[in-house]
>>> print(open('run-v9.txt').read())   # compact mmCIF, C-alpha atoms
# COMPACT_ATOMS: atom_id res chain seq x y z
CA MET A 1 41.50 63.19 36.34
CA LYS A 2 40.92 59.48 36.93
CA LYS A 3 41.89 57.17 34.05
CA ARG A 4 39.14 54.99 32.60
CA SER A 5 39.60 51.22 32.83
CA PHE A 6 39.79 51.16 28.99
CA ASP A 7 42.85 53.45 29.10
CA ILE A 8 44.49 51.54 31.96
CA ASP A 9 43.99 48.29 30.03
CA ILE A 10 45.62 49.79 26.93
CA ASP A 11 48.50 51.21 29.01
CA ASN A 12 49.14 47.75 30.53
CA ALA A 13 48.97 46.04 27.13
CA VAL A 14 51.33 48.60 25.56
CA SER A 15 53.75 48.15 28.46
CA ALA A 16 53.83 44.37 27.88
CA LEU A 17 54.30 44.85 24.12
CA LYS A 18 57.18 47.33 24.62
CA LYS A 19 58.98 44.77 26.82
CA GLY A 20 58.77 42.17 24.04
CA GLY A 21 55.91 40.39 25.77
CA THR A 22 52.69 38.80 24.57
CA ILE A 23 49.09 39.81 25.17
CA LEU A 24 45.69 38.16 24.98
CA TYR A 25 43.23 40.69 23.58
CA PRO A 26 39.86 41.16 21.85
CA THR A 27 39.97 42.07 18.17
CA ASP A 28 37.50 42.95 15.44
CA THR A 29 37.12 39.19 14.92
CA ILE A 30 37.92 36.68 17.68
CA TRP A 31 40.21 36.92 20.73
CA GLY A 32 43.84 36.94 19.71
CA ILE A 33 47.35 36.43 20.97
CA GLY A 34 49.44 39.45 20.08
CA CYS A 35 52.95 40.85 20.22
CA ASP A 36 55.14 43.45 18.52
CA ALA A 37 55.13 42.41 14.85
CA THR A 38 58.59 43.95 14.39
CA ASN A 39 60.24 41.94 17.20
CA PRO A 40 61.40 38.44 16.10
CA SER A 41 61.82 37.09 19.65
CA ALA A 42 58.31 38.28 20.62
CA VAL A 43 56.92 36.57 17.50
CA GLU A 44 58.82 33.41 18.50
CA LYS A 45 57.02 33.48 21.89
CA VAL A 46 53.64 33.54 20.09
CA PHE A 47 54.60 30.45 18.06
CA SER A 48 55.70 28.75 21.28
CA ILE A 49 52.44 29.59 23.12
CA LYS A 50 50.36 28.26 20.22
CA LYS A 51 52.68 25.26 19.68
CA ARG A 52 52.55 26.23 16.02
CA PRO A 53 55.22 25.51 13.40
CA GLU A 54 57.17 28.66 12.56
CA GLN A 55 56.75 28.00 8.82
CA LYS A 56 53.16 29.24 9.13
CA SER A 57 52.77 32.99 8.79
CA LEU A 58 50.81 35.19 11.18
CA ILE A 59 48.32 38.02 10.68
CA VAL A 60 49.44 41.56 11.47
CA LEU A 61 47.06 44.34 12.53
CA LEU A 62 47.39 48.01 11.59
CA ASP A 63 45.23 50.89 12.79
CA ASP A 64 45.34 52.90 9.55
CA ALA A 65 45.51 51.86 5.88
CA GLU A 66 48.08 54.61 5.18
CA LYS A 67 50.57 52.67 7.34
CA LEU A 68 50.59 49.89 4.73
CA TYR A 69 53.19 52.00 2.92
CA ASP A 70 55.56 51.40 5.86
CA TYR A 71 55.22 47.59 5.91
CA VAL A 72 54.44 46.44 2.36
CA GLU A 73 56.94 46.73 -0.49
CA GLN A 74 54.31 47.23 -3.21
CA ILE A 75 50.63 47.76 -2.53
CA PRO A 76 48.32 46.38 -5.21
CA GLU A 77 46.11 49.05 -6.73
CA HIS A 78 42.75 47.81 -5.39
CA ALA A 79 43.86 47.27 -1.79
CA PHE A 80 42.60 50.57 -0.38
CA THR A 81 39.20 50.23 -2.07
CA LEU A 82 38.78 46.69 -0.73
CA ILE A 83 39.72 47.80 2.80
CA GLU A 84 37.40 50.80 2.73
CA TYR A 85 34.33 49.01 1.40
CA SER A 86 34.65 45.60 3.07
CA GLU A 87 31.67 45.12 5.37
CA LYS A 88 33.36 42.48 7.51
CA PRO A 89 36.95 42.26 8.74
CA LEU A 90 39.26 41.64 5.78
CA THR A 91 42.80 40.31 5.92
CA ILE A 92 44.80 40.86 2.75
CA ILE A 93 47.94 38.90 1.88
CA TYR A 94 50.40 41.25 0.19
CA PRO A 95 53.32 40.01 -1.95
CA LYS A 96 56.25 41.34 0.14
CA ALA A 97 56.65 42.55 3.73
CA VAL A 98 59.18 45.17 4.84
CA LYS A 99 60.27 46.35 8.31
CA LEU A 100 58.46 43.47 10.05
CA ALA A 101 60.00 40.55 11.91
CA SER A 102 61.08 37.98 9.30
CA ASN A 103 59.31 35.17 11.20
CA VAL A 104 55.92 36.93 10.97
CA SER A 105 55.76 36.61 7.16
CA ALA A 106 55.42 33.52 4.97
CA ALA A 107 58.43 31.73 3.46
CA ASP A 108 57.84 33.56 0.15
CA GLY A 109 58.02 36.94 1.96
CA SER A 110 54.29 37.62 1.70
CA ILE A 111 52.44 39.12 4.66
CA ALA A 112 48.85 38.97 5.88
CA ILE A 113 47.66 42.37 7.17
CA ARG A 114 44.28 43.51 8.45
CA VAL A 115 43.49 47.18 8.96
CA THR A 116 41.26 46.92 12.01
CA LYS A 117 38.17 49.03 12.53
CA ASP A 118 37.82 47.93 16.17
CA VAL A 119 38.06 50.89 18.57
CA PHE A 120 40.13 49.07 21.21
CA CYS A 121 42.59 47.60 18.68
CA ARG A 122 43.01 50.88 16.82
CA GLU A 123 43.81 52.73 20.04
CA LEU A 124 46.15 49.97 21.22
CA ILE A 125 48.13 50.03 17.95
CA ARG A 126 48.11 53.84 17.83
CA ARG A 127 49.55 54.13 21.35
CA PHE A 128 52.04 51.33 20.80
CA GLY A 129 53.18 52.95 17.56
CA LYS A 130 53.84 49.68 15.72
CA PRO A 131 51.83 46.89 14.11
CA ILE A 132 50.86 43.96 16.30
CA VAL A 133 50.44 40.26 15.62
CA SER A 134 46.94 38.83 15.77
CA THR A 135 46.55 35.07 15.84
CA SER A 136 43.65 33.09 17.29
CA ALA A 137 43.89 32.38 21.02
CA ASN A 138 44.17 28.61 20.79
CA ILE A 139 46.75 25.86 20.62
CA SER A 140 47.52 25.02 16.98
CA ASN A 141 45.02 22.57 15.42
CA GLU A 142 42.48 23.08 18.23
CA PRO A 143 39.23 25.00 17.59
CA ALA A 144 39.48 28.79 17.82
CA PRO A 145 37.57 30.11 20.86
CA LYS A 146 34.45 32.10 20.01
CA THR A 147 34.38 33.96 23.35
CA PHE A 148 36.88 34.78 26.11
CA ALA A 149 35.34 32.05 28.31
CA GLU A 150 36.32 29.41 25.73
CA ILE A 151 40.03 30.32 25.84
CA SER A 152 42.06 27.61 27.60
CA ASP A 153 43.77 28.31 30.91
CA GLU A 154 47.00 27.18 29.24
CA ILE A 155 46.81 30.13 26.82
CA LYS A 156 45.69 32.60 29.51
CA SER A 157 48.59 31.70 31.79
CA ALA A 158 51.19 31.68 28.98
CA VAL A 159 50.81 35.32 27.88
CA ASP A 160 52.30 38.30 29.70
CA TYR A 161 49.10 40.35 29.89
CA VAL A 162 45.41 39.45 29.56
CA VAL A 163 43.26 42.40 28.48
CA LEU A 164 40.19 42.91 30.69
CA HIS A 165 38.15 44.80 28.06
CA ARG A 166 35.23 42.74 26.65
CA GLN A 167 35.97 39.57 28.63
CA ASN A 168 32.29 39.26 29.61
CA GLU A 169 30.94 39.66 26.08
CA ASN A 170 29.03 36.69 24.71
CA LYS A 171 28.80 38.06 21.17
CA ILE A 172 30.25 35.50 18.81
CA ASN A 173 32.49 36.93 16.11
CA ALA A 174 33.84 35.06 13.10
CA PRO A 175 37.41 35.03 11.82
CA SER A 176 38.20 37.50 9.03
CA THR A 177 37.88 36.89 5.34
CA ILE A 178 41.38 36.31 3.91
CA ILE A 179 42.32 37.14 0.34
CA ARG A 180 45.60 37.11 -1.55
CA LEU A 181 45.96 40.22 -3.68
CA GLY A 182 48.32 40.23 -6.67
CA LEU A 183 50.12 43.27 -7.99
CA ARG A 184 47.86 43.36 -11.06
CA GLY A 185 44.71 43.20 -8.92
CA GLU A 186 44.25 39.41 -8.99
CA ILE A 187 42.19 38.20 -6.03
CA GLU A 188 42.35 34.71 -4.55
CA PHE A 189 40.04 33.85 -1.66
CA ILE A 190 41.88 31.92 1.05
CA ARG A 191 39.06 32.02 3.66
CA LYS A 192 35.57 33.40 3.02
>>> encode(input="run-v9.txt", output="structure tokens")
Amino acid sequence: MKKRSFDIDIDNAVSALKKGGTILYPTDTIWGIGCDATNPSAVEKVFSIKKRPEQKSLIVLLDDAEKLYDYVEQIPEHAFTLIEYSEKPLTIIYPKAVKLASNVSAADGSIAIRVTKDVFCRELIRRFGKPIVSTSANISNEPAPKTFAEISDEIKSAVDYVVLHRQNENKINAPSTIIRLGLRGEIEFIRK
């Protein structure tokens, strides 16, 4: 049976991720630069591509909310309800990361995680078997591209694999809402 281009694209992206490489891929928000979120040297490559200071944390994508138990030390009580009922992509900053590359989390140990509902991203993460980094596909302090066509050639040529899926889409997606969630259910909006 012939493989669909969707599957071939995911196979190629997974192959790059397993080698510690970086990918340029469509997400449930905007196009992102990704890598294995458990591999410190892969995370370092993402910082280098973006020319971004390593003190800034990155967002991590998961395909299933249950996997939060593997990567967050303590999950605030309301997290699962917020994830389930959020109508737009929601990134939650949790107090303490575990089993992720130390350079993917903030200096205080907190971690920003989004459980993606995007079909391509979910399948990519499922097949890879680990969380992946998702950071906007732009050089630090430059505007985030709204479509694939707006991504600079510098970014496209710096990653190890550029996903073909959805490159021709002109639909403009917004970045996710970001909230910090405290262990007692406190919510602080970082980006609405």
>>> atom_distance(input="run-v9.txt", atom1="CA of Asn170 (chain A)", atom2="CA of Thr147 (chain A)")
6.2 Å
>>> closest_residue(input="run-v9.txt", among="A:Lys171, A:Ala112, A:Glu123, A:Ser48", to="Ala149 (chain A)", atoms="only C-alpha atoms")
A:Lys171
>>> atom_distance(input="run-v9.txt", atom1="CA of Val98 (chain A)", atom2="CA of Arg126 (chain A)")
19.1 Å
>>> closest_residue(input="run-v9.txt", among="A:Arg184, A:Arg4, A:Lys96, A:Lys88", to="Arg114 (chain A)", atoms="only C-alpha atoms")
A:Lys88
>>> atom_distance(input="run-v9.txt", atom1="CA of Glu150 (chain A)", atom2="CA of Gln167 (chain A)")
10.6 Å
>>> closest_residue(input="run-v9.txt", among="A:Val119, A:Ile30, A:Val14, A:Ile132", to="Tyr71 (chain A)", atoms="all atoms listed in the file")
A:Ile132
>>> residues_around(input="run-v9.txt", residues="Tyr69 (chain A)", least_positions_apart="6", cutoff="12 Å", atoms="all atoms listed in the file", output="list in words")
Leu62, Ile75, Pro76, Ala79, Phe80, Tyr94, Lys96, Ala97, Val98, Lys99 and Ile113 of chain A
>>> closest_residue(input="run-v9.txt", among="A:Leu181, A:Glu84, A:Ser140, A:Pro145", to="Ile111 (chain A)", atoms="all atoms listed in the file")
A:Leu181
>>> residues_near_point(input="run-v9.txt", point="(39.5, 29.7, 24.1)", cutoff="9 Å", atoms="only C-alpha atoms", output="short mmCIF file (atom, residue, chain, number, x, y, z; two decimals) with C-alpha atoms, keeping the file's coordinate frame")
data_model
loop_
_atom_site.label_atom_id
_atom_site.label_comp_id
_atom_site.auth_asym_id
_atom_site.auth_seq_id
_atom_site.Cartn_x
_atom_site.Cartn_y
_atom_site.Cartn_z
CA TRP A 31 40.21 36.92 20.73
CA SER A 136 43.65 33.09 17.29
CA ALA A 137 43.89 32.38 21.02
CA ASN A 138 44.17 28.61 20.79
CA ILE A 139 46.75 25.86 20.62
CA PRO A 143 39.23 25.00 17.59
CA ALA A 144 39.48 28.79 17.82
CA PRO A 145 37.57 30.11 20.86
CA LYS A 146 34.45 32.10 20.01
CA THR A 147 34.38 33.96 23.35
CA PHE A 148 36.88 34.78 26.11
CA ALA A 149 35.34 32.05 28.31
CA GLU A 150 36.32 29.41 25.73
CA ILE A 151 40.03 30.32 25.84
CA SER A 152 42.06 27.61 27.60
CA ASP A 153 43.77 28.31 30.91
CA ILE A 155 46.81 30.13 26.82
CA LYS A 156 45.69 32.60 29.51
#
>>> residues_around(input="run-v9.txt", residues="Leu17 (chain A)", least_positions_apart="2", cutoff="9 Å", atoms="all atoms listed in the file", output="list in words")
Asn12, Ala13, Val14, Ser15, Lys19, Gly20, Gly21, Thr22, Ile23, Gly34, Cys35, Asp36, Ala42, Phe128, Ile132, Asp160 and Tyr161 of chain A
>>> closest_residue(input="run-v9.txt", among="A:Ser102, A:Pro89, A:Gly32, A:Lys130", to="Lys50 (chain A)", atoms="all atoms listed in the file")
A:Gly32
>>> closest_residue(input="run-v9.txt", among="A:Val43, A:Val115, A:Ile83, A:Ile178", to="Leu100 (chain A)", atoms="all atoms listed in the file")
A:Val43
>>> decode(input="run-v9.txt", residues="region 70-178 of chain A", atoms="C-alpha atoms", output="mmCIF file, in the first residue's frame")
data_model
loop_
_atom_site.group_PDB
_atom_site.id
_atom_site.type_symbol
_atom_site.label_atom_id
_atom_site.label_comp_id
_atom_site.auth_asym_id
_atom_site.auth_seq_id
_atom_site.Cartn_x
_atom_site.Cartn_y
_atom_site.Cartn_z
ATOM 1 C CA ASP A 70 5.301 12.433 32.905
ATOM 2 C CA TYR A 71 6.682 15.972 32.515
ATOM 3 C CA VAL A 72 5.211 18.116 35.306
ATOM 4 C CA GLU A 73 6.082 17.582 38.975
ATOM 5 C CA GLN A 74 2.692 18.722 40.310
ATOM 6 C CA ILE A 75 -0.306 19.445 38.133
ATOM 7 C CA PRO A 76 -2.616 22.150 39.460
ATOM 8 C CA GLU A 77 -6.142 20.907 40.012
ATOM 9 C CA HIS A 78 -7.873 22.944 37.284
ATOM 10 C CA ALA A 79 -5.390 22.200 34.499
ATOM 11 C CA PHE A 80 -7.324 19.366 32.863
ATOM 12 C CA THR A 81 -10.606 21.311 32.889
ATOM 13 C CA LEU A 82 -8.931 24.352 31.313
ATOM 14 C CA ILE A 83 -7.317 22.199 28.604
ATOM 15 C CA GLU A 84 -10.544 20.364 27.819
ATOM 16 C CA TYR A 85 -12.795 23.410 27.584
ATOM 17 C CA SER A 86 -10.450 25.980 26.046
ATOM 18 C CA GLU A 87 -11.838 26.982 22.659
ATOM 19 C CA LYS A 88 -8.519 28.251 21.338
ATOM 20 C CA PRO A 89 -5.011 26.853 21.775
ATOM 21 C CA LEU A 90 -3.942 27.235 25.407
ATOM 22 C CA THR A 91 -0.406 27.108 26.749
ATOM 23 C CA ILE A 92 -0.175 26.602 30.489
ATOM 24 C CA ILE A 93 2.921 27.410 32.536
ATOM 25 C CA TYR A 94 3.315 24.776 35.246
ATOM 26 C CA PRO A 95 5.455 25.308 38.374
ATOM 27 C CA LYS A 96 8.070 22.553 37.832
ATOM 28 C CA ALA A 97 9.213 20.492 34.841
ATOM 29 C CA VAL A 98 10.577 16.949 35.069
ATOM 30 C CA LYS A 99 12.261 14.689 32.480
ATOM 31 C CA LEU A 100 12.656 17.553 29.987
ATOM 32 C CA ALA A 101 15.872 19.195 28.829
ATOM 33 C CA SER A 102 16.894 21.709 31.508
ATOM 34 C CA ASN A 103 17.345 24.457 28.888
ATOM 35 C CA VAL A 104 13.715 24.168 27.717
ATOM 36 C CA SER A 105 12.305 25.390 31.053
ATOM 37 C CA ALA A 106 12.546 28.804 32.722
ATOM 38 C CA ALA A 107 15.226 29.657 35.296
ATOM 39 C CA ASP A 108 12.726 28.977 38.107
ATOM 40 C CA GLY A 109 12.092 25.454 36.739
ATOM 41 C CA SER A 110 8.628 26.270 35.386
ATOM 42 C CA ILE A 111 7.568 24.916 32.000
ATOM 43 C CA ALA A 112 5.129 26.096 29.335
ATOM 44 C CA ILE A 113 3.176 23.176 27.837
ATOM 45 C CA ARG A 114 0.371 23.095 25.280
ATOM 46 C CA VAL A 115 -1.658 19.960 24.663
ATOM 47 C CA THR A 116 -2.248 20.312 20.940
ATOM 48 C CA LYS A 117 -5.505 19.433 19.241
ATOM 49 C CA ASP A 118 -3.970 19.723 15.759
ATOM 50 C CA VAL A 119 -4.152 16.409 13.856
ATOM 51 C CA PHE A 120 -0.685 16.694 12.288
ATOM 52 C CA CYS A 121 1.035 17.689 15.556
ATOM 53 C CA ARG A 122 -0.722 15.001 17.580
ATOM 54 C CA GLU A 123 0.330 12.303 15.123
ATOM 55 C CA LEU A 124 3.891 13.663 14.935
ATOM 56 C CA ILE A 125 4.271 13.625 18.732
ATOM 57 C CA ARG A 126 2.574 10.228 19.035
ATOM 58 C CA ARG A 127 4.939 8.635 16.507
ATOM 59 C CA PHE A 128 7.996 10.366 17.931
ATOM 60 C CA GLY A 129 7.027 9.228 21.422
ATOM 61 C CA LYS A 130 8.296 12.355 23.199
ATOM 62 C CA PRO A 131 7.243 15.980 23.635
ATOM 63 C CA ILE A 132 8.520 18.474 21.091
ATOM 64 C CA VAL A 133 9.509 22.121 21.332
ATOM 65 C CA SER A 134 7.301 24.662 19.599
ATOM 66 C CA THR A 135 8.616 28.176 19.180
ATOM 67 C CA SER A 136 7.620 30.696 16.516
ATOM 68 C CA ALA A 137 9.513 30.395 13.224
ATOM 69 C CA ASN A 138 11.279 33.745 13.359
ATOM 70 C CA ILE A 139 14.527 35.313 14.490
ATOM 71 C CA SER A 140 14.158 36.616 18.048
ATOM 72 C CA ASN A 141 12.576 40.103 18.243
ATOM 73 C CA GLU A 142 11.311 39.931 14.639
ATOM 74 C CA PRO A 143 7.580 39.544 13.906
ATOM 75 C CA ALA A 144 6.238 35.986 14.005
ATOM 76 C CA PRO A 145 5.230 34.798 10.510
ATOM 77 C CA LYS A 146 1.491 34.345 10.026
ATOM 78 C CA THR A 147 1.876 31.928 7.085
ATOM 79 C CA PHE A 148 4.605 29.643 5.730
ATOM 80 C CA ALA A 149 5.336 32.166 2.943
ATOM 81 C CA GLU A 150 6.311 34.773 5.556
ATOM 82 C CA ILE A 151 9.019 32.569 7.114
ATOM 83 C CA SER A 152 12.500 33.861 6.268
ATOM 84 C CA ASP A 153 14.843 31.842 4.064
ATOM 85 C CA GLU A 154 17.364 32.059 6.907
ATOM 86 C CA ILE A 155 15.042 30.027 9.158
ATOM 87 C CA LYS A 156 14.056 27.594 6.380
ATOM 88 C CA SER A 157 17.679 26.817 5.536
ATOM 89 C CA ALA A 158 18.785 26.521 9.190
ATOM 90 C CA VAL A 159 16.496 23.635 10.207
ATOM 91 C CA ASP A 160 17.121 19.982 9.368
ATOM 92 C CA TYR A 161 13.675 19.265 7.917
ATOM 93 C CA VAL A 162 10.904 21.502 6.565
ATOM 94 C CA VAL A 163 7.465 19.890 6.762
ATOM 95 C CA LEU A 164 5.537 20.047 3.469
ATOM 96 C CA HIS A 165 2.073 19.701 5.042
ATOM 97 C CA ARG A 166 0.024 22.948 4.938
ATOM 98 C CA GLN A 167 2.734 25.080 3.311
ATOM 99 C CA ASN A 168 0.210 26.492 0.820
ATOM 100 C CA GLU A 169 -2.388 27.436 3.428
ATOM 101 C CA ASN A 170 -3.189 31.125 3.689
ATOM 102 C CA LYS A 171 -5.287 30.786 6.836
ATOM 103 C CA ILE A 172 -3.868 33.102 9.465
ATOM 104 C CA ASN A 173 -3.643 31.606 12.938
ATOM 105 C CA ALA A 174 -2.848 33.486 16.127
ATOM 106 C CA PRO A 175 -0.376 32.490 18.828
ATOM 107 C CA SER A 176 -1.824 30.611 21.807
ATOM 108 C CA THR A 177 -3.201 32.124 24.962
ATOM 109 C CA ILE A 178 -0.604 31.695 27.729
#
